[in-house]
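Chemist: So that you have it, the file is start.txt, and it contains compact mmCIF, C-alpha atoms:
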```
# COMPACT_ATOMS: atom_id res chain seq x y z
CA MET A 1 -48.45 29.86 107.39
CA GLU A 2 -51.37 28.07 105.76
CA LYS A 3 -51.26 24.76 107.66
CA GLY A 4 -54.72 23.79 108.83
CA LYS A 5 -56.30 26.86 107.23
CA TYR A 6 -59.28 24.89 105.96
CA THR A 7 -59.52 21.88 108.25
CA SER A 8 -62.10 23.18 110.72
CA TYR A 9 -65.80 22.79 110.04
CA PRO A 10 -67.81 24.75 109.17
CA GLU A 11 -65.47 27.78 109.39
CA GLY A 12 -62.58 26.32 107.37
CA TYR A 13 -64.93 24.80 104.82
CA LYS A 14 -66.71 28.12 104.26
CA ARG A 15 -63.35 29.91 103.99
CA LEU A 16 -62.28 27.38 101.37
CA VAL A 17 -65.43 27.89 99.29
CA ARG A 18 -64.82 31.66 99.36
CA ASP A 19 -61.19 31.18 98.36
CA ILE A 20 -61.53 28.72 95.49
CA VAL A 21 -64.95 29.17 93.85
CA PRO A 22 -64.82 32.10 91.40
CA TRP A 23 -67.49 34.75 91.91
CA TYR A 24 -69.33 33.87 88.70
CA MET A 25 -69.79 30.28 89.90
CA ARG A 26 -70.99 31.23 93.37
CA PRO A 27 -74.71 30.67 92.61
CA ALA A 28 -73.91 27.01 91.96
CA LYS A 29 -71.33 26.67 94.74
CA ASP A 30 -73.26 24.12 96.81
CA MET A 31 -73.76 21.79 93.86
CA LEU A 32 -70.16 22.26 92.67
CA MET A 33 -68.68 21.60 96.10
CA ARG A 34 -70.90 18.57 96.67
CA LEU A 35 -69.66 16.90 93.50
CA LEU A 36 -66.05 17.88 94.13
CA LEU A 37 -66.25 16.44 97.62
CA THR A 38 -67.75 13.23 96.23
CA ILE A 39 -64.77 12.87 93.91
CA LEU A 40 -62.25 13.53 96.69
CA VAL A 41 -64.04 11.33 99.22
CA ASP A 42 -64.94 8.33 97.05
CA GLY A 43 -62.35 8.61 94.27
CA MET B 44 -80.22 10.99 58.23
CA ASN B 45 -79.35 13.84 60.57
CA SER B 46 -78.04 13.05 64.01
CA LYS B 47 -81.12 14.32 65.85
CA LYS B 48 -83.42 12.08 63.85
CA LEU B 49 -81.02 9.17 64.25
CA LYS B 50 -81.02 9.64 68.02
CA GLU B 51 -84.83 9.68 68.11
CA GLU B 52 -84.95 6.48 66.06
CA ARG B 53 -82.50 4.77 68.35
CA VAL B 54 -84.41 5.78 71.47
CA LYS B 55 -87.56 4.34 69.88
CA LEU B 56 -85.73 1.13 69.06
CA PHE B 57 -84.54 0.74 72.67
CA ARG B 58 -87.93 1.60 74.12
CA ASP B 59 -89.72 -0.79 71.76
CA ALA B 60 -87.33 -3.56 72.71
CA VAL B 61 -87.74 -3.07 76.47
CA ASN B 62 -91.53 -2.94 76.08
CA PHE B 63 -91.55 -6.25 74.18
CA ARG B 64 -92.73 -4.68 70.94
CA LYS B 65 -91.45 -6.31 67.77
CA THR B 66 -88.63 -4.42 66.07
CA ASP B 67 -87.12 -4.98 62.65
CA ARG B 68 -83.66 -5.18 64.16
CA ILE B 69 -82.05 -5.58 67.57
CA PRO B 70 -80.47 -2.48 69.14
CA HIS B 71 -76.86 -2.70 70.30
CA PHE B 72 -75.85 -0.98 73.52
CA ALA B 73 -72.05 -1.10 73.69
CA ASN B 74 -70.90 -1.94 77.21
CA ALA B 75 -67.54 -0.46 76.35
CA VAL B 76 -65.38 1.35 78.86
CA THR B 77 -61.56 1.47 78.85
CA TRP B 78 -61.11 -1.24 76.20
CA LYS B 79 -61.53 1.64 73.73
CA VAL B 80 -58.17 2.97 74.83
CA PHE B 81 -56.29 -0.22 73.93
CA ASP B 82 -58.18 -0.62 70.68
CA ALA B 83 -57.06 2.86 69.67
CA GLY B 84 -53.42 1.87 70.28
CA HIS B 85 -52.88 3.58 73.63
CA THR B 86 -52.43 2.60 77.28
CA LEU B 87 -54.43 3.59 80.34
CA ASP B 88 -51.70 5.65 81.97
CA GLU B 89 -51.49 7.81 78.83
CA THR B 90 -55.19 8.59 78.70
CA MET B 91 -56.47 8.72 82.28
CA THR B 92 -55.55 12.36 82.75
CA ASP B 93 -55.50 13.48 79.13
CA PHE B 94 -58.94 14.54 77.91
CA ASP B 95 -57.81 15.14 74.30
CA LEU B 96 -56.34 11.67 73.99
CA MET B 97 -59.37 10.10 75.67
CA GLU B 98 -61.66 11.84 73.18
CA LYS B 99 -59.49 10.53 70.34
CA CYS B 100 -59.93 6.97 71.69
CA VAL B 101 -63.70 7.42 71.97
CA LEU B 102 -63.96 8.77 68.41
CA HIS B 103 -61.82 5.89 67.16
CA PHE B 104 -64.36 3.49 68.67
CA LEU B 105 -67.43 5.33 67.40
CA ASP B 106 -66.03 5.63 63.87
CA LYS B 107 -65.09 1.96 63.75
CA TYR B 108 -67.97 0.13 65.46
CA PRO B 109 -71.59 0.77 64.47
CA VAL B 110 -73.44 0.78 67.81
CA ASP B 111 -76.71 2.40 68.88
CA ALA B 112 -75.53 3.63 72.26
CA ILE B 113 -72.49 3.38 74.48
CA LEU B 114 -72.04 3.14 78.22
CA ASP B 115 -69.07 5.45 78.57
CA VAL B 116 -67.70 8.21 76.37
CA GLY B 117 -64.46 8.53 78.29
CA ILE B 118 -65.83 10.28 81.35
CA ARG B 119 -65.44 7.42 83.82
CA ASN B 120 -62.12 6.78 85.48
CA GLN B 121 -60.63 10.22 85.05
CA PHE B 122 -57.94 10.97 87.61
CA ASN B 123 -56.93 14.55 87.00
CA VAL B 124 -58.92 15.84 90.01
CA THR B 125 -57.61 13.40 92.61
CA GLU B 126 -54.08 13.68 91.21
CA ALA B 127 -54.18 17.47 91.49
CA PHE B 128 -55.12 17.04 95.15
CA GLY B 129 -52.20 14.73 95.84
CA GLU B 130 -51.69 11.19 97.03
CA GLY B 131 -54.39 9.06 98.62
CA SER B 132 -56.75 7.81 95.88
CA TYR B 133 -58.74 4.61 96.42
CA TYR B 134 -58.48 4.03 92.67
CA TYR B 135 -55.28 2.99 90.98
CA TYR B 136 -54.15 2.45 87.43
CA ASP B 137 -51.14 1.56 85.36
CA GLU B 138 -50.61 0.86 81.66
CA GLU B 139 -53.08 -2.02 81.56
CA VAL B 140 -55.32 -1.99 84.61
CA VAL B 141 -57.62 0.34 86.51
CA GLY B 142 -59.08 -0.77 89.82
CA VAL B 143 -60.37 0.29 93.20
CA HIS B 144 -59.39 -0.84 96.68
CA ASP B 145 -62.14 -1.92 99.06
CA HIS B 146 -62.57 1.01 101.40
CA ALA B 147 -64.83 2.10 104.24
CA HIS B 148 -65.72 5.62 105.31
CA CYS B 149 -67.64 4.48 108.39
CA THR B 150 -68.10 1.70 110.88
CA PRO B 151 -71.63 0.42 111.62
CA GLU B 152 -71.49 2.59 114.76
CA THR B 153 -70.71 5.85 112.91
CA LEU B 154 -73.31 5.54 110.13
CA GLN B 155 -75.75 7.79 111.98
CA GLU B 156 -73.06 10.42 112.50
CA TYR B 157 -72.43 10.34 108.75
CA MET B 158 -76.13 10.82 108.05
CA ASP B 159 -76.38 13.71 110.55
CA ASP B 160 -74.14 15.83 108.34
CA PRO B 161 -72.29 14.12 105.46
CA THR B 162 -70.21 17.22 104.64
CA ARG B 163 -69.05 17.63 108.22
CA TYR B 164 -68.28 13.93 108.41
CA ALA B 165 -66.26 14.11 105.18
CA TRP B 166 -64.37 17.11 106.49
CA GLU B 167 -63.68 15.89 110.00
CA VAL B 168 -63.39 12.13 109.54
CA ILE B 169 -63.05 10.82 105.98
CA LEU B 170 -60.64 13.28 104.40
CA PRO B 171 -58.24 13.49 107.40
CA LYS B 172 -58.16 9.68 107.51
CA LYS B 173 -57.71 9.33 103.77
CA TYR B 174 -54.98 11.93 103.32
CA GLY B 175 -53.24 11.60 106.69
CA GLU B 176 -50.80 14.35 107.63
CA SER B 177 -51.01 15.98 104.22
CA TRP B 178 -54.67 16.88 104.84
CA GLU B 179 -53.60 19.77 107.06
CA GLN B 180 -51.05 20.90 104.53
CA LYS B 181 -53.39 21.42 101.59
CA THR B 182 -52.74 25.02 100.61
CA THR B 183 -55.00 27.46 98.76
CA LYS B 184 -52.84 26.82 95.69
CA VAL B 185 -53.46 23.05 95.84
CA TRP B 186 -57.19 23.54 96.36
CA LYS B 187 -57.39 26.05 93.49
CA LYS B 188 -55.56 23.66 91.17
CA THR B 189 -57.91 20.84 92.22
CA PHE B 190 -60.98 22.98 91.67
CA SER B 191 -59.72 24.09 88.29
CA GLU B 192 -59.09 20.46 87.23
CA TYR B 193 -62.56 19.60 88.46
CA ILE B 194 -64.12 22.33 86.30
CA ARG B 195 -62.07 21.06 83.34
CA TYR B 196 -63.54 17.63 84.01
CA VAL B 197 -67.10 18.99 84.13
CA MET B 198 -66.48 20.81 80.83
CA PHE B 199 -65.18 17.57 79.32
CA VAL B 200 -68.35 15.77 80.41
CA LEU B 201 -70.46 18.46 78.73
CA HIS B 202 -68.27 18.39 75.63
CA MET B 203 -68.60 14.63 75.29
CA ALA B 204 -72.37 14.91 75.59
CA LYS B 205 -72.23 17.08 72.46
CA VAL B 206 -70.05 14.48 70.74
CA MET B 207 -72.71 11.88 71.49
CA ASP B 208 -75.34 14.18 70.00
CA ARG B 209 -73.22 14.53 66.87
CA TYR B 210 -73.16 10.75 66.48
CA GLY B 211 -76.88 10.48 67.20
CA LEU B 212 -76.22 8.40 70.31
CA PRO B 213 -78.78 8.59 73.11
CA GLY B 214 -77.66 8.56 76.73
CA LEU B 215 -78.38 5.60 78.95
CA SER B 216 -80.68 7.34 81.45
CA PRO B 217 -81.24 10.72 83.09
CA ASN B 218 -79.90 9.64 86.47
CA ASN B 219 -76.11 9.80 86.65
CA PRO B 220 -73.48 11.32 88.97
CA MET B 221 -73.93 14.75 87.35
CA LYS B 222 -77.71 14.79 87.68
CA GLY B 223 -78.24 12.68 90.76
CA ALA B 224 -77.65 8.95 90.86
CA VAL B 225 -80.23 6.53 92.24
CA VAL B 226 -78.32 4.45 94.78
CA PRO B 227 -80.09 2.01 97.11
CA ALA B 228 -78.79 2.15 100.70
CA VAL B 229 -77.07 -1.24 100.65
CA GLU B 230 -75.18 -0.34 97.49
CA GLU B 231 -73.80 2.81 99.11
CA LEU B 232 -72.92 0.75 102.19
CA MET B 233 -71.05 -1.75 100.08
CA SER B 234 -69.29 0.65 97.71
CA ASN B 235 -68.22 3.36 100.11
CA LEU B 236 -69.59 3.53 103.62
CA LEU B 237 -68.74 0.08 104.98
CA GLY B 238 -67.03 -1.73 102.12
CA ILE B 239 -67.54 -5.38 101.20
CA GLN B 240 -65.90 -6.87 104.25
CA GLN B 241 -67.56 -4.72 106.92
CA LEU B 242 -71.00 -4.96 105.30
CA SER B 243 -70.77 -8.75 105.17
CA VAL B 244 -69.86 -8.90 108.86
CA ALA B 245 -72.36 -6.22 109.92
CA MET B 246 -75.30 -8.10 108.34
CA ARG B 247 -74.63 -10.85 110.88
CA ARG B 248 -73.32 -8.94 113.90
CA SER B 249 -75.03 -5.52 113.81
CA PRO B 250 -78.20 -5.90 111.73
CA GLU B 251 -80.11 -3.36 113.85
CA LEU B 252 -77.57 -0.66 113.05
CA LEU B 253 -77.96 -1.42 109.36
CA ASP B 254 -81.75 -1.34 109.66
CA ALA B 255 -81.59 2.08 111.31
CA PHE B 256 -79.27 3.44 108.63
CA ILE B 257 -81.30 2.01 105.75
CA GLU B 258 -84.55 3.42 107.15
CA ARG B 259 -82.96 6.83 107.45
CA TRP B 260 -81.41 6.66 103.96
CA GLU B 261 -84.84 5.71 102.67
CA LYS B 262 -86.49 8.71 104.29
CA GLU B 263 -83.83 11.31 103.59
CA ARG B 264 -82.34 10.19 100.25
CA MET B 265 -84.91 7.99 98.55
CA GLU B 266 -88.19 9.73 99.38
CA PRO B 267 -87.13 12.86 97.43
CA ILE B 268 -86.24 10.56 94.52
CA TYR B 269 -89.72 9.00 94.59
CA GLU B 270 -91.14 12.52 94.43
CA LYS B 271 -88.96 13.32 91.42
CA ILE B 272 -90.02 10.12 89.64
CA ARG B 273 -93.67 11.00 90.16
CA ALA B 274 -93.11 14.63 89.13
CA ALA B 275 -91.44 13.49 85.90
CA GLY B 276 -94.66 11.74 84.87
CA GLY B 277 -94.08 9.22 82.12
CA PRO B 278 -90.99 8.15 80.21
CA ASN B 279 -88.30 10.62 79.17
CA TYR B 280 -87.69 9.86 75.50
CA LYS B 281 -84.34 11.62 75.39
CA TYR B 282 -82.80 8.49 76.89
CA CYS B 283 -82.76 4.72 76.35
CA PHE B 284 -84.15 4.21 79.88
CA ASP B 285 -85.72 6.34 82.59
CA SER B 286 -83.35 5.01 85.19
CA SER B 287 -80.31 2.82 85.54
CA ILE B 288 -79.57 1.03 88.80
CA LEU B 289 -76.49 -0.97 89.61
CA MET B 290 -76.91 -4.07 91.78
CA LEU B 291 -73.83 -5.59 93.36
CA ALA B 292 -74.63 -5.96 97.08
CA HIS B 293 -76.95 -8.93 96.45
CA THR B 294 -73.85 -10.98 95.61
CA VAL B 295 -72.83 -11.07 99.30
CA MET B 296 -76.35 -11.74 100.63
CA ASN B 297 -78.32 -14.85 101.32
CA SER B 298 -82.11 -14.82 100.75
CA ARG B 299 -82.90 -13.84 104.32
CA GLN B 300 -80.50 -10.89 104.19
CA PHE B 301 -81.82 -9.85 100.77
CA GLU B 302 -85.37 -9.87 102.14
CA ARG B 303 -84.39 -7.79 105.12
CA PHE B 304 -81.88 -5.24 103.80
CA TYR B 305 -82.51 -4.97 100.09
CA TRP B 306 -85.80 -6.12 98.65
CA PRO B 307 -88.36 -4.00 100.61
CA TYR B 308 -86.57 -0.82 99.54
CA LEU B 309 -85.81 -1.86 95.99
CA LYS B 310 -89.45 -2.90 95.62
CA LYS B 311 -90.62 0.52 96.74
CA LEU B 312 -88.38 2.13 94.13
CA LEU B 313 -89.47 -0.23 91.34
CA ASP B 314 -93.13 0.15 92.32
CA THR B 315 -92.78 3.90 91.88
CA TYR B 316 -91.28 3.51 88.41
CA ALA B 317 -94.00 1.01 87.54
CA GLU B 318 -96.69 3.42 88.72
CA MET B 319 -95.37 6.00 86.24
CA GLY B 320 -94.95 3.54 83.35
CA GLN B 321 -91.22 4.10 83.17
CA ASN B 322 -88.45 1.78 81.95
CA VAL B 323 -85.64 0.76 84.28
CA ARG B 324 -82.34 -0.91 83.47
CA ILE B 325 -80.73 -2.92 86.23
CA PHE B 326 -77.09 -3.80 85.73
CA ALA B 327 -76.94 -7.02 87.73
CA GLU B 328 -73.32 -7.62 88.56
CA GLY B 329 -72.37 -11.19 89.38
CA SER B 330 -75.42 -13.46 89.22
CA ILE B 331 -79.02 -12.40 89.92
CA LEU B 332 -80.64 -15.69 88.90
CA ARG B 333 -81.32 -16.92 92.46
CA PHE B 334 -83.35 -13.73 93.17
CA THR B 335 -85.57 -13.69 90.08
CA GLU B 336 -88.69 -14.80 91.99
CA TYR B 337 -88.89 -11.36 93.63
CA PHE B 338 -89.33 -9.63 90.28
CA ARG B 339 -91.96 -11.95 88.77
CA ASP B 340 -95.04 -9.80 89.41
CA TYR B 341 -93.94 -6.75 87.46
CA PRO B 342 -95.48 -6.10 84.05
CA LYS B 343 -93.44 -6.35 80.88
CA GLY B 344 -91.75 -3.05 80.07
CA LEU B 345 -90.67 -2.06 83.56
CA LEU B 346 -87.51 -4.11 83.91
CA THR B 347 -84.49 -4.71 81.74
CA PHE B 348 -81.76 -6.77 83.34
CA HIS B 349 -78.29 -6.27 81.99
CA LEU B 350 -76.76 -9.62 82.86
CA GLU B 351 -73.13 -9.90 83.76
CA GLN B 352 -72.67 -13.58 84.58
CA ASP B 353 -76.06 -15.24 84.12
CA ASP B 354 -76.93 -17.28 81.08
CA PRO B 355 -79.49 -15.17 79.17
CA PHE B 356 -81.50 -18.16 77.96
CA GLU B 357 -81.82 -19.55 81.47
CA PHE B 358 -82.72 -16.09 82.73
CA ARG B 359 -85.47 -15.70 80.11
CA GLU B 360 -87.03 -18.95 81.33
CA ALA B 361 -86.83 -17.78 84.94
CA LEU B 362 -88.11 -14.25 84.39
CA PRO B 363 -90.05 -13.96 81.11
CA ASN B 364 -91.52 -10.57 82.07
CA ALA B 365 -88.12 -8.84 82.07
CA ALA B 366 -86.25 -7.68 78.99
CA ILE B 367 -82.65 -8.80 78.69
CA MET B 368 -79.64 -6.70 77.83
CA GLY B 369 -76.29 -8.34 77.24
CA GLY B 370 -75.71 -11.86 75.96
CA MET B 371 -72.44 -11.46 74.09
CA THR B 372 -69.74 -12.80 76.37
CA THR B 373 -66.32 -11.26 76.68
CA ASP B 374 -64.97 -14.83 76.68
CA LEU B 375 -66.23 -15.34 73.15
CA LEU B 376 -65.18 -11.88 72.01
CA SER B 377 -61.74 -12.54 73.38
CA TYR B 378 -61.08 -16.19 72.57
CA GLY B 379 -63.52 -16.95 69.74
CA THR B 380 -63.38 -16.32 66.01
CA PRO B 381 -65.43 -13.71 64.12
CA GLU B 382 -67.57 -16.54 62.72
CA GLU B 383 -68.29 -17.92 66.20
CA CYS B 384 -69.18 -14.44 67.46
CA VAL B 385 -71.59 -13.86 64.59
CA ALA B 386 -73.20 -17.30 65.04
CA TYR B 387 -73.75 -16.61 68.75
CA ALA B 388 -75.03 -13.08 68.08
CA LYS B 389 -77.55 -14.59 65.63
CA LYS B 390 -78.70 -17.14 68.20
CA LEU B 391 -79.19 -14.37 70.79
CA CYS B 392 -81.19 -12.18 68.39
CA ASP B 393 -83.31 -15.07 67.09
CA GLU B 394 -84.10 -16.73 70.40
CA LEU B 395 -84.38 -13.71 72.70
CA GLY B 396 -85.46 -10.82 70.48
CA ARG B 397 -88.07 -11.95 67.96
CA GLU B 398 -90.94 -10.69 70.12
CA GLY B 399 -89.00 -7.74 71.52
CA GLY B 400 -87.45 -7.90 74.96
CA PHE B 401 -83.79 -8.07 73.96
CA ILE B 402 -80.98 -5.53 73.63
CA PHE B 403 -77.68 -6.84 72.34
CA SER B 404 -74.75 -5.90 74.56
CA GLU B 405 -71.56 -7.26 76.03
CA ASN B 406 -72.05 -9.05 79.35
CA LYS B 407 -69.12 -7.47 81.15
CA MET B 408 -67.88 -3.93 80.83
CA LEU B 409 -65.18 -4.04 78.16
CA SER B 410 -62.32 -2.74 80.26
CA TYR B 411 -59.10 -4.64 79.66
CA ARG B 412 -57.05 -5.30 76.56
CA ASN B 413 -58.06 -8.96 76.34
CA ASP B 414 -61.78 -8.42 76.89
CA ALA B 415 -62.28 -8.53 73.13
CA LYS B 416 -60.44 -8.91 69.86
CA SER B 417 -61.07 -6.05 67.51
CA GLU B 418 -62.05 -8.31 64.57
CA ASN B 419 -64.56 -10.16 66.77
CA MET B 420 -66.11 -6.96 68.06
CA LEU B 421 -66.36 -5.59 64.55
CA ALA B 422 -67.96 -8.76 63.18
CA ALA B 423 -70.55 -8.80 65.99
CA CYS B 424 -71.34 -5.09 65.61
CA ASN B 425 -71.73 -5.31 61.85
CA PHE B 426 -73.93 -8.36 62.13
CA VAL B 427 -76.29 -6.81 64.69
CA ARG B 428 -76.55 -3.60 62.65
CA ASP B 429 -77.44 -5.48 59.45
CA TYR B 430 -79.48 -8.43 60.69
CA ARG B 431 -83.22 -8.18 60.09
CA LEU B 432 -85.58 -10.31 62.16
```
Translate the structure described by the file into structure tokens.

Modeler:
Amino acid sequence: MEKGKYTSYPEGYKRLVRDIVPWYMRPAKDMLMRLLLTILVDG
Amino acid sequence: MNSKKLKEERVKLFRDAVNFRKTDRIPHFANAVTWKVFDAGHTLDETMTDFDLMEKCVLHFLDKYPVDAILDVGIRNQFNVTEAFGEGSYYYYDEEVVGVHDHAHCTPETLQEYMDDPTRYAWEVILPKKYGESWEQKTTKVWKKTFSEYIRYVMFVLHMAKVMDRYGLPGLSPNNPMKGAVVPAVEELMSNLLGIQQLSVAMRRSPELLDAFIERWEKERMEPIYEKIRAAGGPNYKYCFDSSILMLAHTVMNSRQFERFYWPYLKKLLDTYAEMGQNVRIFAEGSILRFTEYFRDYPKGLLTFHLEQDDPFEFREALPNAAIMGGMTTDLLSYGTPEECVAYAKKLCDELGREGGFIFSENKMLSYRNDAKSENMLAACNFVRDYRL
């Protein structure tokens, strides 16, 4: 059951980053997540 | 001429114009956004999530209209990321219209909590509120799809930058959502954090809370930007301008509110650009005419006002030290004839640009089908390209 898997902070958020950002993009994960969040929050 | 050389020439033309140096012709910055889609024979709902079709619409525009730069190459108003994530977007679109609902992430009382940790606040407050019950039900699969669409979007942005290079079109300025936008505190309050309604009320009922937020935004968000401006040194000649700032919040302020919440901070930003000899474009939405006295002491070259609703001739009288961008009204482009558009374009070039200080552009962002007739746009573009001062 995945409900609420990512909704806690910071644990769920960190789990999400591990689950969705491919390994070769990890060095830029903070920048990538910041912009993605901006789109989801403001868009 | 190869595209690299063409781009360099265009940058020089823009920079000469904003620095009030005489040029042999007036540069044209196309304030064109989604109108391109209609002009290419498509509708918004077809193109908003289809990068290939959007690129086709952009190329249609660039092949048809001879312009020196363009505001948007199809990268604004893309919805594939939010649609992959599911329902709940503040933006909406249909065949003909794209828009955004007034929204507020905070109340005046929670602004400090937002500043304490914006990511935590997004995670614990904004996203649960925005997506309701479905927030808890976002699975790994949904998140992966969203992330993948987001990377596709980033790749599209990079691809379109190469298209611009191919056409020899310089970018507007180095600051943008990909590289870090310069957003004064009150603009963020109005666009996202409080919305128009709450900001208007808060300026009267909770001004101290706004002061505290703006001071903190200044220290934590703007101070690093001042450092970057100073570190950059002089102008960056890859772009038409060194910075582009959007002003909208002044439209809901009286002079006293402008002096308290906006001007001291905007002045600090502009002073920093002035110190480094850089060129700034301000897109003044609504009317800025009643605030021109604040900008009178800056030297020529610093400021270019892209005017949305103000009469450019009246503005030139009021603020002769600022370059003007704009002039061509969407009313004329939409309801006039090609001859009338050319006659008005000539008047703008002759009366505003003979000594430099003028960039031809459309006053409003060309967004909707009726913002311009194709034959009027073409006549104006051809005239500006060919007219010699």

Chemist: Do you have the CA of Lys172 (chain B)-CA of Glu11 (chain A) distance handy?

Modeler: 19.6 Å

Chemist: Can you work out which residues from chain A touch chain B at a cut-off of 8 Å (counting all atoms listed in the file) and hand them back as number ranges by chain?

Modeler: A: 2-10, 13, 16, 19-21, 35-37, 39-43

Chemist: Env of region 412-422 of chain B: 12 Å cut, atoms = only C-alpha atoms, seq-sep filter 3 positions within chain, self excluded. Answer as a PyMOL selection string.

Modeler: chain B and resi 71+73-87+103-110+138-141+371-389+404-409+425-430

Chemist: Write a file of the just-selected residues containing C-alpha atoms, as a short mmCIF file (atom, residue, chain, number, x, y, z; two decimals), in the frame of the given file.

Modeler:
```cif
data_model
loop_
_atom_site.label_atom_id
_atom_site.label_comp_id
_atom_site.auth_asym_id
_atom_site.auth_seq_id
_atom_site.Cartn_x
_atom_site.Cartn_y
_atom_site.Cartn_z
CA HIS B 71 -76.86 -2.70 70.30
CA ALA B 73 -72.05 -1.10 73.69
CA ASN B 74 -70.90 -1.94 77.21
CA ALA B 75 -67.54 -0.46 76.35
CA VAL B 76 -65.38 1.35 78.86
CA THR B 77 -61.56 1.47 78.85
CA TRP B 78 -61.11 -1.24 76.20
CA LYS B 79 -61.53 1.64 73.73
CA VAL B 80 -58.17 2.97 74.83
CA PHE B 81 -56.29 -0.22 73.93
CA ASP B 82 -58.18 -0.62 70.68
CA ALA B 83 -57.06 2.86 69.67
CA GLY B 84 -53.42 1.87 70.28
CA HIS B 85 -52.88 3.58 73.63
CA THR B 86 -52.43 2.60 77.28
CA LEU B 87 -54.43 3.59 80.34
CA HIS B 103 -61.82 5.89 67.16
CA PHE B 104 -64.36 3.49 68.67
CA LEU B 105 -67.43 5.33 67.40
CA ASP B 106 -66.03 5.63 63.87
CA LYS B 107 -65.09 1.96 63.75
CA TYR B 108 -67.97 0.13 65.46
CA PRO B 109 -71.59 0.77 64.47
CA VAL B 110 -73.44 0.78 67.81
CA GLU B 138 -50.61 0.86 81.66
CA GLU B 139 -53.08 -2.02 81.56
CA VAL B 140 -55.32 -1.99 84.61
CA VAL B 141 -57.62 0.34 86.51
CA MET B 371 -72.44 -11.46 74.09
CA THR B 372 -69.74 -12.80 76.37
CA THR B 373 -66.32 -11.26 76.68
CA ASP B 374 -64.97 -14.83 76.68
CA LEU B 375 -66.23 -15.34 73.15
CA LEU B 376 -65.18 -11.88 72.01
CA SER B 377 -61.74 -12.54 73.38
CA TYR B 378 -61.08 -16.19 72.57
CA GLY B 379 -63.52 -16.95 69.74
CA THR B 380 -63.38 -16.32 66.01
CA PRO B 381 -65.43 -13.71 64.12
CA GLU B 382 -67.57 -16.54 62.72
CA GLU B 383 -68.29 -17.92 66.20
CA CYS B 384 -69.18 -14.44 67.46
CA VAL B 385 -71.59 -13.86 64.59
CA ALA B 386 -73.20 -17.30 65.04
CA TYR B 387 -73.75 -16.61 68.75
CA ALA B 388 -75.03 -13.08 68.08
CA LYS B 389 -77.55 -14.59 65.63
CA SER B 404 -74.75 -5.90 74.56
CA GLU B 405 -71.56 -7.26 76.03
CA ASN B 406 -72.05 -9.05 79.35
CA LYS B 407 -69.12 -7.47 81.15
CA MET B 408 -67.88 -3.93 80.83
CA LEU B 409 -65.18 -4.04 78.16
CA ASN B 425 -71.73 -5.31 61.85
CA PHE B 426 -73.93 -8.36 62.13
CA VAL B 427 -76.29 -6.81 64.69
CA ARG B 428 -76.55 -3.60 62.65
CA ASP B 429 -77.44 -5.48 59.45
CA TYR B 430 -79.48 -8.43 60.69
#
```

Chemist: What is the CA of Ala317 (chain B) to CA of Ile268 (chain B) distance in Å?

Modeler: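 Those two atoms sit 14.1 Å apart.
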
Chemist: Work out how far apart CA of Glu394 (chain B) and CA of Glu360 (chain B) are and give it in Å to one decimal.

Modeler: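 CA of Glu394 (chain B) sits 11.5 Å away from CA of Glu360 (chain B).
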
Chemist: Go ahead and fit an axis-aligned box to every listed atom of region 2-9 of chain A plus 5 Å each side, and pass me the centre and edge lengths in Å, one decimal, as lines of an AutoDock Vina configuration file.

Modeler:
```
center_x = -58.5
center_y = 25.0
center_z = 108.2
size_x = 24.5
size_y = 16.2
size_z = 15.0
```

Chemist: Pick out the closest residue to Tyr411 (chain B) from this set: B:Glu152, B:Glu52, B:Asp67, B:Asp137. Count all atoms listed in the file.

Modeler: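 The closest residue to Tyr411 (chain B) is B:Asp137.
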
Chemist: Return the single residue from B:Tyr305, B:Lys390, B:Asp111, B:Ile367 that is closest to Ala292 (chain B), with distances computed using all atoms listed in the file.

Modeler: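 Nearest candidate to Ala292 (chain B) out of B:Tyr305, B:Lys390, B:Asp111, B:Ile367: B:Tyr305.
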
Chemist: Show me as a list of chain:residue names the residues that reach within 8 Å of (-82.0, 9.4, 77.2), counting only C-alpha atoms and using the file's own coordinates.

Modeler: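 Protein and nucleic acid residues near the point are B:Val54, B:Pro213, B:Gly214, B:Leu215, B:Ser216, B:Pro217, B:Asn279, B:Tyr280, B:Lys281, B:Tyr282, B:Cys283, B:Phe284, B:Asp285.
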
Chemist: With C-alpha atoms retained, could you export that selection as a CSV table (one decimal), in the coordinates of the input?

Modeler:
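Wrote it out as again.csv, contents follow:
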```csv
chain,number,residue,atom,x,y,z
B,54,VAL,CA,-84.4,5.8,71.5
B,213,PRO,CA,-78.8,8.6,73.1
B,214,GLY,CA,-77.7,8.6,76.7
B,215,LEU,CA,-78.4,5.6,79.0
B,216,SER,CA,-80.7,7.3,81.4
B,217,PRO,CA,-81.2,10.7,83.1
B,279,ASN,CA,-88.3,10.6,79.2
B,280,TYR,CA,-87.7,9.9,75.5
B,281,LYS,CA,-84.3,11.6,75.4
B,282,TYR,CA,-82.8,8.5,76.9
B,283,CYS,CA,-82.8,4.7,76.4
B,284,PHE,CA,-84.2,4.2,79.9
B,285,ASP,CA,-85.7,6.3,82.6
```

Chemist: Using all atoms listed in the file, which protein or nucleic acid residues come within 12 Å of Gln300 (chain B)? Drop anything in the same chain fewer than 2 positions from it, and give the result as a PyMOL selection string.

Modeler: chain B and resi 229+242-247+250+253-254+292-298+302-307+334

Chemist: Quick one: everything within 9 Å of Phe401 (chain B), counting only C-alpha atoms, minus sequence neighbours fewer than 6 positions away in the same chain. Send it as a PyMOL selection string.

Modeler: chain B and resi 57+60-61+63+69-70+347+366-369+391-392+395
